[in-house]
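**Student:** Input structure: target.txt, which contains compact mmCIF, C-alpha atoms.
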```txt
# COMPACT_ATOMS: atom_id res chain seq x y z
CA LYS A 1 -23.82 15.54 19.55
CA LEU A 2 -24.36 11.85 20.31
CA LEU A 3 -25.01 9.04 17.84
CA ILE A 4 -25.99 5.58 19.15
CA MET A 5 -25.75 2.65 16.73
CA ASP A 6 -26.73 -0.96 17.48
CA GLU A 7 -25.35 -3.62 15.09
CA PRO A 8 -25.50 -1.20 12.14
CA THR A 9 -23.59 -3.43 9.72
CA SER A 10 -25.79 -6.53 9.94
CA VAL A 11 -27.29 -5.97 6.47
CA LEU A 12 -24.33 -4.24 4.78
CA THR A 13 -21.74 -5.53 2.34
CA PRO A 14 -18.04 -5.13 3.25
CA GLN A 15 -17.79 -2.14 0.89
CA GLU A 16 -20.81 -0.51 2.50
CA VAL A 17 -19.31 -1.13 5.94
CA ALA A 18 -16.13 0.63 4.85
CA LEU A 19 -18.13 3.59 3.60
CA LEU A 20 -20.10 3.73 6.87
CA PHE A 21 -16.87 3.70 8.89
CA ARG A 22 -15.45 6.52 6.77
CA THR A 23 -18.57 8.57 7.51
CA LEU A 24 -18.43 7.80 11.23
CA ARG A 25 -14.80 8.89 11.40
CA GLN A 26 -15.75 12.17 9.74
CA LEU A 27 -18.54 12.69 12.29
CA ALA A 28 -16.16 11.94 15.16
CA ALA A 29 -13.58 14.35 13.76
CA GLY A 30 -16.31 17.00 13.76
CA GLY A 31 -16.97 16.52 17.47
CA CYS A 32 -19.77 13.95 17.48
CA SER A 33 -19.63 11.27 20.18
CA ILE A 34 -20.51 7.80 18.92
CA LEU A 35 -21.73 4.85 20.98
CA TYR A 36 -21.26 1.77 18.79
CA ILE A 37 -22.86 -1.48 19.99
CA SER A 38 -21.70 -4.64 18.21
CA HIS A 39 -20.66 -8.26 18.68
CA LYS A 40 -18.35 -8.05 15.64
CA LEU A 41 -14.99 -7.75 17.30
CA HIS A 42 -12.96 -6.81 14.23
CA GLU A 43 -15.28 -3.81 13.80
CA ILE A 44 -14.71 -2.75 17.41
CA LYS A 45 -10.95 -2.97 16.89
CA GLU A 46 -11.18 -1.13 13.59
CA LEU A 47 -13.36 1.76 14.69
CA CYS A 48 -13.41 2.38 18.41
CA ASP A 49 -11.09 4.26 20.78
CA ARG A 50 -12.46 2.61 23.93
CA ALA A 51 -14.65 -0.39 24.63
CA THR A 52 -16.86 -1.49 27.51
CA ILE A 53 -17.66 -5.20 27.76
CA LEU A 54 -21.08 -6.38 28.92
CA ARG A 55 -21.91 -9.90 30.07
CA GLY A 56 -25.24 -10.98 31.51
CA GLY A 57 -26.44 -7.38 31.56
CA ARG A 58 -23.50 -6.17 33.66
CA VAL A 59 -20.31 -4.28 32.89
CA VAL A 60 -17.43 -6.73 33.32
CA GLY A 61 -14.52 -4.79 31.88
CA ALA A 62 -13.13 -2.03 29.71
CA CYS A 63 -10.20 -1.84 27.34
CA VAL A 64 -8.54 -0.05 24.46
CA PRO A 65 -9.49 -2.22 21.44
CA ALA A 66 -6.32 -1.40 19.51
CA GLU A 67 -4.31 -3.02 22.31
CA GLU A 68 -6.36 -6.24 22.25
CA SER A 69 -6.71 -9.12 19.82
CA SER A 70 -10.10 -10.34 18.66
CA LYS A 71 -9.48 -13.47 20.74
CA SER A 72 -8.73 -11.52 23.92
CA LEU A 73 -11.82 -9.35 23.38
CA ALA A 74 -13.93 -12.48 22.98
CA GLU A 75 -12.49 -13.94 26.18
CA LEU A 76 -13.43 -10.77 28.04
CA MET A 77 -16.96 -11.19 26.70
CA ILE A 78 -17.38 -14.81 27.78
CA GLY A 79 -15.29 -14.69 30.95
CA GLY A 80 -13.05 -17.59 29.99
CA SER A 81 -10.66 -18.95 27.39
CA LEU A 82 -11.77 -19.21 23.78
CA LYS A 83 -10.67 -22.20 21.74
CA SER A 84 -9.82 -21.81 18.08
CA ILE A 85 -11.57 -24.05 15.57
CA ALA A 86 -9.59 -27.27 15.17
CA LYS A 87 -9.87 -27.78 11.44
CA VAL A 88 -7.60 -29.93 9.29
CA GLU A 89 -6.45 -27.84 6.34
CA GLY A 90 -6.05 -29.46 2.95
CA ARG A 91 -8.17 -32.46 3.91
CA LYS A 92 -9.66 -34.63 1.19
CA PHE A 93 -13.37 -34.66 0.44
CA GLY A 94 -15.49 -37.56 -0.70
CA ALA A 95 -17.88 -37.87 -3.62
CA PRO A 96 -20.67 -35.30 -4.09
CA LYS A 97 -23.26 -36.00 -1.41
CA PHE A 98 -25.70 -33.12 -1.90
CA THR A 99 -26.46 -31.69 -5.33
CA VAL A 100 -28.81 -28.88 -6.34
CA ARG A 101 -29.37 -28.12 -10.01
CA GLY A 102 -31.79 -25.79 -11.72
CA LEU A 103 -33.77 -25.07 -8.55
CA ASN A 104 -36.45 -22.43 -9.05
CA MET A 105 -39.13 -21.22 -6.66
CA PRO A 106 -41.62 -18.34 -6.88
CA LYS A 107 -41.47 -15.65 -4.22
CA ILE A 108 -43.48 -16.13 -1.04
CA GLY A 109 -45.78 -13.20 -0.26
CA ASP A 110 -45.38 -9.59 -1.29
CA PHE A 111 -41.92 -9.24 0.23
CA GLY A 112 -40.43 -12.60 -0.70
CA THR A 113 -37.65 -13.31 -3.19
CA ALA A 114 -37.97 -15.79 -6.03
CA LEU A 115 -35.18 -18.33 -6.49
CA ALA A 116 -33.75 -18.58 -10.00
CA ASP A 117 -31.67 -21.49 -11.32
CA ILE A 118 -29.89 -22.31 -8.04
CA ALA A 119 -27.10 -24.83 -8.58
CA PHE A 120 -24.29 -26.15 -6.38
CA SER A 121 -22.78 -29.38 -5.09
CA VAL A 122 -21.38 -30.28 -1.67
CA ARG A 123 -19.06 -33.24 -1.20
CA ALA A 124 -18.87 -35.57 1.78
CA GLY A 125 -16.87 -33.83 4.50
CA GLU A 126 -17.26 -30.39 2.96
CA ILE A 127 -18.82 -27.20 4.35
CA LEU A 128 -20.34 -24.79 1.84
CA GLY A 129 -21.05 -21.28 3.09
CA ILE A 130 -23.70 -19.09 1.50
CA ALA A 131 -23.28 -15.37 2.17
CA GLY A 132 -25.62 -12.53 1.39
CA VAL A 133 -27.34 -9.43 2.66
CA ALA A 134 -30.60 -10.28 4.48
CA GLY A 135 -33.69 -10.54 2.31
CA ASN A 136 -32.05 -11.86 -0.85
CA GLY A 137 -33.63 -15.30 -0.85
CA GLN A 138 -31.96 -16.98 2.12
CA ASN A 139 -35.27 -17.89 3.76
CA GLU A 140 -36.70 -19.23 0.51
CA LEU A 141 -33.56 -21.29 -0.08
CA LEU A 142 -33.84 -22.89 3.36
CA LEU A 143 -37.52 -23.69 2.75
CA ALA A 144 -36.74 -25.22 -0.64
CA LEU A 145 -33.77 -27.30 0.56
CA SER A 146 -35.45 -28.53 3.75
CA GLY A 147 -38.63 -29.63 1.99
CA GLU A 148 -41.04 -27.19 3.61
CA ILE A 149 -41.81 -26.19 0.04
CA PRO A 150 -41.14 -29.16 -2.31
CA ALA A 151 -39.51 -28.40 -5.64
CA SER A 152 -41.55 -28.72 -8.82
CA ASP A 153 -38.78 -30.94 -10.23
CA ALA A 154 -37.81 -33.94 -8.09
CA ASN A 155 -34.41 -34.08 -9.80
CA ALA A 156 -33.54 -30.53 -8.72
CA ILE A 157 -32.24 -31.81 -5.36
CA LEU A 158 -30.27 -35.02 -4.81
CA ILE A 159 -28.67 -36.81 -1.87
CA GLY A 160 -26.08 -38.97 -3.55
CA ASN A 161 -27.93 -40.25 -6.60
CA ALA A 162 -31.38 -40.22 -4.97
CA ALA A 163 -33.71 -37.47 -6.20
CA ILE A 164 -35.51 -35.90 -3.22
CA GLY A 165 -36.69 -32.58 -4.66
CA GLY A 166 -40.32 -33.65 -4.76
CA GLY A 167 -40.38 -34.94 -1.20
CA ALA A 168 -41.63 -33.03 1.84
CA ILE A 169 -39.73 -32.62 5.12
CA GLY A 170 -40.42 -36.13 6.44
CA ALA A 171 -39.22 -37.83 3.27
CA ARG A 172 -36.05 -35.75 3.20
CA ARG A 173 -35.31 -36.47 6.85
CA ARG A 174 -35.67 -40.19 6.19
CA ALA A 175 -33.22 -39.75 3.32
CA GLY A 176 -30.71 -38.26 5.76
CA LEU A 177 -31.25 -34.49 5.47
CA SER A 178 -31.58 -32.29 8.56
CA ALA A 179 -32.24 -28.56 8.65
CA VAL A 180 -32.09 -25.73 11.18
CA PRO A 181 -34.16 -22.66 10.25
CA GLU A 182 -33.26 -19.09 11.17
CA GLU A 183 -36.30 -18.56 13.39
CA ARG A 184 -36.06 -20.55 16.62
CA ASN A 185 -39.45 -20.10 18.25
CA GLY A 186 -42.33 -21.64 16.35
CA HIS A 187 -40.12 -22.87 13.51
CA GLY A 188 -37.06 -24.56 14.95
CA ALA A 189 -38.89 -25.49 18.15
CA VAL A 190 -42.40 -25.46 19.60
CA PRO A 191 -42.24 -23.06 22.59
CA GLU A 192 -44.99 -24.82 24.57
CA PHE A 193 -43.38 -28.27 24.18
CA SER A 194 -40.76 -29.72 26.50
CA LEU A 195 -37.20 -30.17 25.29
CA THR A 196 -37.88 -33.91 25.15
CA ASP A 197 -40.92 -33.42 22.92
CA ASN A 198 -38.97 -31.02 20.71
CA ALA A 199 -36.28 -33.68 20.31
CA ILE A 200 -38.90 -36.22 19.23
CA LEU A 201 -40.21 -33.87 16.53
CA THR A 202 -37.11 -34.23 14.35
CA ALA A 203 -35.08 -37.12 15.80
CA ARG A 204 -37.77 -39.78 16.27
CA ASP A 205 -36.74 -41.98 13.36
CA ARG A 206 -33.00 -41.41 13.08
CA MET A 207 -32.35 -41.71 16.82
CA LYS A 208 -34.96 -44.50 17.25
CA LEU A 209 -37.00 -42.59 19.82
CA ALA A 210 -40.11 -44.64 19.00
CA ARG A 211 -40.77 -48.37 18.80
CA GLY A 212 -43.78 -50.03 17.26
CA GLY A 213 -45.38 -46.67 16.64
CA LEU A 214 -45.09 -45.62 20.30
CA VAL A 215 -42.65 -43.08 21.71
CA ASP A 216 -39.95 -44.57 23.94
CA ALA A 217 -40.18 -41.91 26.68
CA GLY A 218 -37.01 -42.98 28.45
CA ARG A 219 -34.94 -43.00 25.29
CA ALA A 220 -36.35 -39.62 24.24
CA ARG A 221 -35.52 -38.07 27.62
CA GLY A 222 -32.05 -39.56 27.40
CA TYR A 223 -31.47 -37.99 24.01
CA ALA A 224 -32.69 -34.60 25.25
CA ALA A 225 -30.34 -34.89 28.24
CA GLU A 226 -27.47 -35.75 25.89
CA ILE A 227 -28.12 -32.58 23.90
CA ILE A 228 -28.30 -30.47 27.07
CA GLN A 229 -25.00 -31.83 28.35
CA GLY A 230 -23.16 -31.95 25.03
CA PHE A 231 -23.99 -28.37 24.08
CA SER A 232 -23.93 -26.82 27.58
CA VAL A 233 -27.58 -25.81 27.43
CA LYS A 234 -28.73 -23.98 30.56
CA ALA A 235 -32.03 -25.69 31.36
CA THR A 236 -33.61 -27.35 34.38
CA GLY A 237 -33.73 -30.66 32.53
CA PRO A 238 -35.29 -32.53 29.60
CA GLU A 239 -38.81 -31.65 30.73
CA ALA A 240 -38.16 -27.89 30.71
CA LEU A 241 -40.35 -26.05 28.23
CA ALA A 242 -38.58 -24.63 25.20
CA GLU A 243 -40.07 -21.21 25.97
CA SER A 244 -38.31 -21.21 29.35
CA LEU A 245 -34.87 -21.11 27.71
CA SER A 246 -33.06 -17.96 26.69
CA GLY A 247 -32.72 -17.43 22.96
CA GLY A 248 -29.07 -18.43 22.96
CA ASN A 249 -29.68 -21.62 24.93
CA LEU A 250 -32.58 -22.61 22.70
CA GLN A 251 -30.35 -22.08 19.67
CA LYS A 252 -27.71 -24.36 21.20
CA TYR A 253 -30.36 -27.00 21.89
CA ILE A 254 -31.76 -26.91 18.34
CA MET A 255 -28.29 -27.07 16.80
CA GLY A 256 -27.32 -29.94 19.08
CA ARG A 257 -30.53 -31.83 18.32
CA GLU A 258 -29.64 -31.91 14.61
CA ILE A 259 -25.86 -32.31 14.83
CA LEU A 260 -26.01 -35.29 17.20
CA GLN A 261 -28.15 -37.15 14.67
CA THR A 262 -25.10 -37.20 12.33
CA PRO A 263 -27.19 -36.51 9.23
CA GLU A 264 -25.92 -37.19 5.74
CA VAL A 265 -26.68 -33.55 4.89
CA LEU A 266 -27.19 -30.61 7.25
CA ILE A 267 -28.65 -27.29 6.11
CA VAL A 268 -28.41 -24.56 8.74
CA SER A 269 -29.37 -20.89 8.64
CA GLN A 270 -27.70 -18.42 11.04
CA PRO A 271 -26.20 -21.16 13.27
CA THR A 272 -24.86 -18.83 15.99
CA TRP A 273 -27.55 -16.15 15.95
CA GLY A 274 -27.98 -14.80 19.48
CA VAL A 275 -25.32 -16.91 21.22
CA ASP A 276 -22.19 -15.63 22.96
CA ALA A 277 -18.68 -16.01 21.58
CA GLY A 278 -17.94 -19.14 23.61
CA ALA A 279 -21.12 -20.91 22.52
CA ALA A 280 -20.53 -19.82 18.93
CA ALA A 281 -17.06 -21.37 19.01
CA ALA A 282 -18.50 -24.62 20.36
CA ILE A 283 -21.16 -24.72 17.63
CA HIS A 284 -18.53 -24.00 14.97
CA GLN A 285 -16.37 -26.85 16.25
CA ALA A 286 -19.35 -29.21 16.30
CA LEU A 287 -20.07 -28.38 12.65
CA VAL A 288 -16.44 -28.95 11.68
CA ASP A 289 -16.42 -32.27 13.56
CA LEU A 290 -19.65 -33.31 11.83
CA ALA A 291 -18.09 -32.61 8.45
CA ALA A 292 -15.03 -34.64 9.46
CA ARG A 293 -17.37 -37.61 9.97
CA GLY A 294 -18.48 -37.36 6.35
CA SER A 295 -21.57 -35.15 6.40
CA ALA A 296 -22.15 -32.52 3.73
CA ILE A 297 -23.01 -29.17 5.33
CA VAL A 298 -24.54 -25.97 3.96
CA VAL A 299 -24.30 -22.89 6.21
CA ILE A 300 -26.42 -19.86 5.30
CA SER A 301 -25.25 -16.83 7.27
CA GLN A 302 -25.12 -13.05 7.21
CA ASP A 303 -21.92 -13.20 9.29
CA LEU A 304 -19.10 -13.18 6.77
CA ASP A 305 -16.46 -13.82 9.44
CA GLU A 306 -18.32 -16.95 10.48
CA LEU A 307 -18.45 -18.23 6.92
CA LEU A 308 -14.78 -17.51 6.24
CA ALA A 309 -13.79 -19.39 9.41
CA LEU A 310 -16.03 -22.40 8.79
CA SER A 311 -16.37 -22.92 5.08
CA ASP A 312 -14.35 -24.78 2.50
CA GLY A 313 -16.29 -23.19 -0.36
CA LEU A 314 -18.29 -19.98 -0.46
CA ALA A 315 -21.10 -18.72 -2.69
CA VAL A 316 -23.13 -15.51 -2.52
CA ILE A 317 -26.90 -15.19 -2.90
CA ASN A 318 -28.31 -11.94 -4.27
CA GLN A 319 -31.87 -11.34 -5.47
CA GLY A 320 -32.51 -15.08 -5.49
CA ARG A 321 -29.51 -15.97 -7.64
CA LEU A 322 -26.45 -17.85 -6.44
CA SER A 323 -22.94 -17.01 -7.56
CA ARG A 324 -20.33 -19.58 -8.52
CA VAL A 325 -18.72 -21.43 -5.62
CA MET A 326 -15.34 -19.94 -4.66
CA ARG A 327 -12.67 -21.65 -2.58
CA VAL A 328 -12.15 -19.95 0.77
CA GLY A 329 -8.58 -18.70 0.95
CA GLU A 330 -8.51 -17.95 -2.75
CA VAL A 331 -11.17 -15.24 -2.82
CA ALA A 332 -10.81 -11.59 -1.77
CA ILE A 333 -13.21 -9.89 0.62
CA ASP A 334 -13.75 -7.22 -2.05
CA GLU A 335 -15.01 -9.80 -4.52
CA ILE A 336 -17.42 -11.26 -1.99
CA GLY A 337 -18.68 -7.78 -1.19
CA LEU A 338 -19.26 -6.98 -4.85
CA LEU A 339 -21.29 -10.16 -5.25
CA MET A 340 -23.29 -9.37 -2.12
CA GLY A 341 -24.03 -5.96 -3.61
CA GLY A 342 -25.39 -7.48 -6.80
CA VAL A 343 -22.50 -7.78 -9.24
CA HIS A 344 -22.94 -11.20 -10.88
CA GLY A 345 -20.75 -11.64 -13.91
CA ASP A 346 -20.98 -7.96 -14.97
CA PRO A 347 -17.40 -6.88 -15.81
CA LYS A 348 -18.30 -3.19 -16.23
CA ALA A 349 -20.13 -2.94 -12.91
CA THR A 350 -17.40 -4.90 -11.17
CA ALA A 351 -14.71 -2.56 -12.48
CA GLU A 352 -16.67 0.55 -11.50
CA LEU A 353 -17.22 -0.63 -7.94
CA ALA A 354 -13.76 -2.12 -7.51
CA HIS A 355 -12.11 1.20 -8.37
CA ASP A 356 -14.35 3.41 -6.24
CA PRO A 357 -11.83 5.03 -3.83
CA HIS A 358 -14.45 5.21 -1.08
CA LEU A 359 -15.03 1.47 -0.99
CA THR A 360 -11.97 0.32 0.93
CA ASP A 361 -11.74 -3.03 2.64
CA ILE A 362 -12.35 -2.66 6.38
CA TYR A 363 -10.29 -5.76 7.04
CA ALA A 364 -7.21 -4.02 5.67
CA THR A 365 -7.84 -0.37 6.61
CA PRO A 366 -5.65 0.80 9.52
CA ALA A 367 -7.57 1.77 12.66
CA THR A 368 -7.90 5.47 13.37
CA GLY A 369 -10.45 5.39 16.18
CA ALA A 370 -13.76 7.19 16.25
CA ALA A 371 -16.12 5.74 18.77
CA HIS A 372 -16.80 4.09 22.10
CA ALA A 373 -17.97 0.50 21.86
CA HIS A 374 -20.17 -1.85 23.85
```
Spell out the structure here as structure tokens.
**Tutor:**
Amino acid sequence: KLLIMDEPTSVLTPQEVALLFRTLRQLAAGGCSILYISHKLHEIKELCDRATILRGGRVVGACVPAEESSKSLAELMIGGSLKSIAKVEGRKFGAPKFTVRGLNMPKIGDFGTALADIAFSVRAGEILGIAGVAGNGQNELLLALSGEIPASDANAILIGNAAIGGGAIGARRRAGLSAVPEERNGHGAVPEFSLTDNAILTARDRMKLARGGLVDAGRARGYAAEIIQGFSVKATGPEALAESLSGGNLQKYIMGREILQTPEVLIVSQPTWGVDAGAAAAIHQALVDLAARGSAIVVISQDLDELLALSDGLAVINQGRLSRVMRVGEVAIDEIGLLMGGVHGDPKATAELAHDPHLTDIYATPATGAAHAH
């Protein structure tokens, strides 16, 4: 009689989402009530008859999604205006700044995914998005690119013409590479450390937070304060412990800590995981602005909307293999979904899936209404 679903599409391809929505509409037509909880606003508009908006654990509004735009829904969520990403279309890119070629890595643990012959190039000023269903090698790719697990071949990863594949994290940071992992606590930040100490961990050299081998406490606190102010982090100050911040505020702090260093190359996994629509828009704009200053950026995300809004080029990772890079604006959602589902250069499989009448594109399917959303 009642079905409650919380972010059910987070590990589904677009085709699988369409099939799920078809099933939910059938259930609703049969008399089932559906409570659909999601932050994906196009899904709320596509599926739901009514929506209730929560903010800070309280109900702040209700609406008919079909009568709202995604922007107006987002503004209801954050309680203010939402700025669109200011991105210069058709801008020119520089020379290749970050190159990966023939990168292989064995799987980590029983449930890991091995990387096989990963290859791509990102130019100065360019943002490359990497899409994929969770568990297809995204974590291993971040570890390999950041230097947590050095490559067996130093020439597999280059910044400009400098081979850095054999270097660990410190060497890659000194070469100009910064990285933000998916997991915040214990990986992106040390929970028991202050925000100042967490800034020192990755920005000591590039932001000159130490002199003569000793930490410049005043300069380090100043940098932490700059991050807090620049990324609207809700914290009592630079000496607040990382564990005292909410997940969204800690994510903003970690992203700000890396972006404000203006690295040559930034690798980031799930950049807006756990933050509200307003904070996500601010992070997106900061990434676009960083690219405009000449950095090469790789964004690994399960949020396809995020990648389509941010990226200049897009590739898909599936079972540890990376597809060719496609230009955003020239690729169909269906093609991305097929690649996410495992079709890599297989014409027969592509044709079979592409002509399955059940796998319609949710971005183009007219709304019929079936559920109540939160």
**Student:** Considering only C-alpha atoms, can you say which of A:Val17, A:Leu241, A:Val180, A:Leu339 comes closest to Thr272 in chain A?
**Tutor:**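 Counting only C-alpha atoms, the residue closest to Thr272 in chain A is A:Val180.
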**Student:** Mind checking which residues fall within 9 Å of range 195-197 of chain A, counting all atoms listed in the file, ignoring those fewer than 3 positions away in the same chain, and posting them as a tab-separated table (two decimals) with C-alpha atoms, in the coordinates of the input?
**Tutor:**
```tsv
chain	number	residue	atom	x	y	z
A	189	ALA	CA	-38.89	-25.49	18.15
A	190	VAL	CA	-42.40	-25.46	19.60
A	200	ILE	CA	-38.90	-36.22	19.23
A	201	LEU	CA	-40.21	-33.87	16.53
A	217	ALA	CA	-40.18	-41.91	26.68
A	220	ALA	CA	-36.35	-39.62	24.24
A	221	ARG	CA	-35.52	-38.07	27.62
A	222	GLY	CA	-32.05	-39.56	27.40
A	223	TYR	CA	-31.47	-37.99	24.01
A	224	ALA	CA	-32.69	-34.60	25.25
A	225	ALA	CA	-30.34	-34.89	28.24
A	237	GLY	CA	-33.73	-30.66	32.53
A	238	PRO	CA	-35.29	-32.53	29.60
A	239	GLU	CA	-38.81	-31.65	30.73
A	240	ALA	CA	-38.16	-27.89	30.71
A	241	LEU	CA	-40.35	-26.05	28.23
A	242	ALA	CA	-38.58	-24.63	25.20
A	253	TYR	CA	-30.36	-27.00	21.89
```
**Student:** Rounded to one decimal, what separation in Å do you get between CA of Asp117 in chain A and CA of Ile130 in chain A?
**Tutor:**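 Computed distance, CA of Asp117 in chain A to CA of Ile130 in chain A, equals 15.3 Å.
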**Student:** Do you have the CA of Lys92 in chain A-CA of Lys71 in chain A distance handy?
**Tutor:**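 Separation of CA of Lys92 in chain A and CA of Lys71 in chain A: 28.8 Å.
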**Student:** Which residues are near range 56-64 of chain A? Cut-off 12 Å, all atoms listed in the file, ignore same chain within fewer than 4 positions. Put them as number ranges by chain.
**Tutor:** A: 44-52, 68-70, 72-79, 246, 248, 275-276, 367, 369, 371-374
**Student:** By how many Å are CA of Ala315 in chain A and CA of Phe98 in chain A apart?
**Tutor:**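 About the pair CA of Ala315 in chain A and CA of Phe98 in chain A: they are 15.1 Å apart.
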**Student:** Need to verify the contact set: Asn318 in chain A, 10 Å, all atoms listed in the file, exclusion of same-chain residues closer than 5 positions in sequence. Can you return it as a list in words?
**Tutor:**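 Within the cut-off, the hits are Thr113, Leu115, Ala131, Gly132, Val133, Ala134, Gly135, Asn136, Gly137, Gln138, Ser323, Leu339, Met340, Gly341, Gly342, Val343 and His344 of chain A.
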**Student:** Between A:Ile85, A:Ile228, A:Arg327, A:Leu245, single out the one closest to Ala280 in chain A, counting all atoms listed in the file.
**Tutor:**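 Selected residue with least distance to Ala280 in chain A: A:Ile85.
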**Student:** Check the smallest atom-to-atom distance from each of A:Leu322, A:Ala332, A:Ala282, A:Ala175 to Ile118 in chain A using all atoms listed in the file, then report the winner.
**Tutor:**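 Closest to Ile118 in chain A of all the choices is A:Leu322.
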**Student:** Using all atoms listed in the file, find each residue in range 275-309 of chain A having at least one atom no more than 12 Å away from range 256-259 of chain A; report its shortest atom-to-atom pair and that distance in Å (one decimal), rows by chain then rising number, as JSON lines.
**Tutor:**
```
{"residue": "A:Ala279", "atom": "CA", "partner": "A:Gly256", "partner_atom": "CA", "distance": 11.5}
{"residue": "A:Ala282", "atom": "CA", "partner": "A:Gly256", "partner_atom": "CA", "distance": 10.4}
{"residue": "A:Ile283", "atom": "CA", "partner": "A:Gly256", "partner_atom": "CA", "distance": 8.2}
{"residue": "A:His284", "atom": "CA", "partner": "A:Ile259", "partner_atom": "CA", "distance": 11.1}
{"residue": "A:Gln285", "atom": "CA", "partner": "A:Ile259", "partner_atom": "CA", "distance": 11.0}
{"residue": "A:Ala286", "atom": "CA", "partner": "A:Ile259", "partner_atom": "CA", "distance": 7.4}
{"residue": "A:Leu287", "atom": "CA", "partner": "A:Ile259", "partner_atom": "CA", "distance": 7.3}
{"residue": "A:Val288", "atom": "CA", "partner": "A:Ile259", "partner_atom": "CA", "distance": 10.5}
{"residue": "A:Asp289", "atom": "CA", "partner": "A:Ile259", "partner_atom": "CA", "distance": 9.5}
{"residue": "A:Leu290", "atom": "CA", "partner": "A:Ile259", "partner_atom": "CA", "distance": 7.0}
{"residue": "A:Ala291", "atom": "CA", "partner": "A:Ile259", "partner_atom": "CA", "distance": 10.1}
{"residue": "A:Arg293", "atom": "CA", "partner": "A:Ile259", "partner_atom": "CA", "distance": 11.1}
{"residue": "A:Ser295", "atom": "CA", "partner": "A:Ile259", "partner_atom": "CA", "distance": 9.9}
{"residue": "A:Ala296", "atom": "CA", "partner": "A:Ile259", "partner_atom": "CA", "distance": 11.7}
{"residue": "A:Ile297", "atom": "CA", "partner": "A:Ile259", "partner_atom": "CA", "distance": 10.4}
```
**Student:** Which residue, A:Leu35, A:Leu141, A:Ala119, A:Ala124, has the smallest gap to Gly94 in chain A when you use all atoms listed in the file?
**Tutor:**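 Among the listed residues, the smallest separation from Gly94 in chain A belongs to A:Ala124.
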**Student:** Can you tell me which residues surround range 159-164 of chain A at a distance of at most 9 Å, considering all atoms listed in the file, apart from same-chain residues fewer than 5 positions away, and format the answer as a PyMOL selection string?
**Tutor:** chain A and resi 95-99+147+150-151+154+171-172+175-177+264-265
**Student:** For the residues in that selection, give me C-alpha atoms as a short mmCIF file (atom, residue, chain, number, x, y, z; two decimals), keeping the file's coordinate frame.
**Tutor:**
```
data_model
loop_
_atom_site.label_atom_id
_atom_site.label_comp_id
_atom_site.auth_asym_id
_atom_site.auth_seq_id
_atom_site.Cartn_x
_atom_site.Cartn_y
_atom_site.Cartn_z
CA ALA A 95 -17.88 -37.87 -3.62
CA PRO A 96 -20.67 -35.30 -4.09
CA LYS A 97 -23.26 -36.00 -1.41
CA PHE A 98 -25.70 -33.12 -1.90
CA THR A 99 -26.46 -31.69 -5.33
CA GLY A 147 -38.63 -29.63 1.99
CA PRO A 150 -41.14 -29.16 -2.31
CA ALA A 151 -39.51 -28.40 -5.64
CA ALA A 154 -37.81 -33.94 -8.09
CA ALA A 171 -39.22 -37.83 3.27
CA ARG A 172 -36.05 -35.75 3.20
CA ALA A 175 -33.22 -39.75 3.32
CA GLY A 176 -30.71 -38.26 5.76
CA LEU A 177 -31.25 -34.49 5.47
CA GLU A 264 -25.92 -37.19 5.74
CA VAL A 265 -26.68 -33.55 4.89
#
```
**Student:** With only C-alpha atoms as the basis for distance, which of A:Arg204, A:His39, A:Arg123, A:Arg25 is at the shortest distance from Val298 in chain A?
**Tutor:**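 Smallest separation from Val298 in chain A among the options: A:Arg123.
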**Student:** Here is a test: counting all atoms listed in the file, which residue of A:Arg184, A:Ile149, A:Gly90, A:Ile157 is nearest to Ser121 in chain A?
**Tutor:**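 Of all the options, A:Ile157 lies closest to Ser121 in chain A.
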**Student:** Can you pull out every residue within 10 Å of Val328 in chain A, counting all atoms listed in the file, but drop anything in the same chain fewer than 3 positions away, and send it as a PyMOL selection string?
**Tutor:** chain A and resi 128-129+307-315+325+331-332
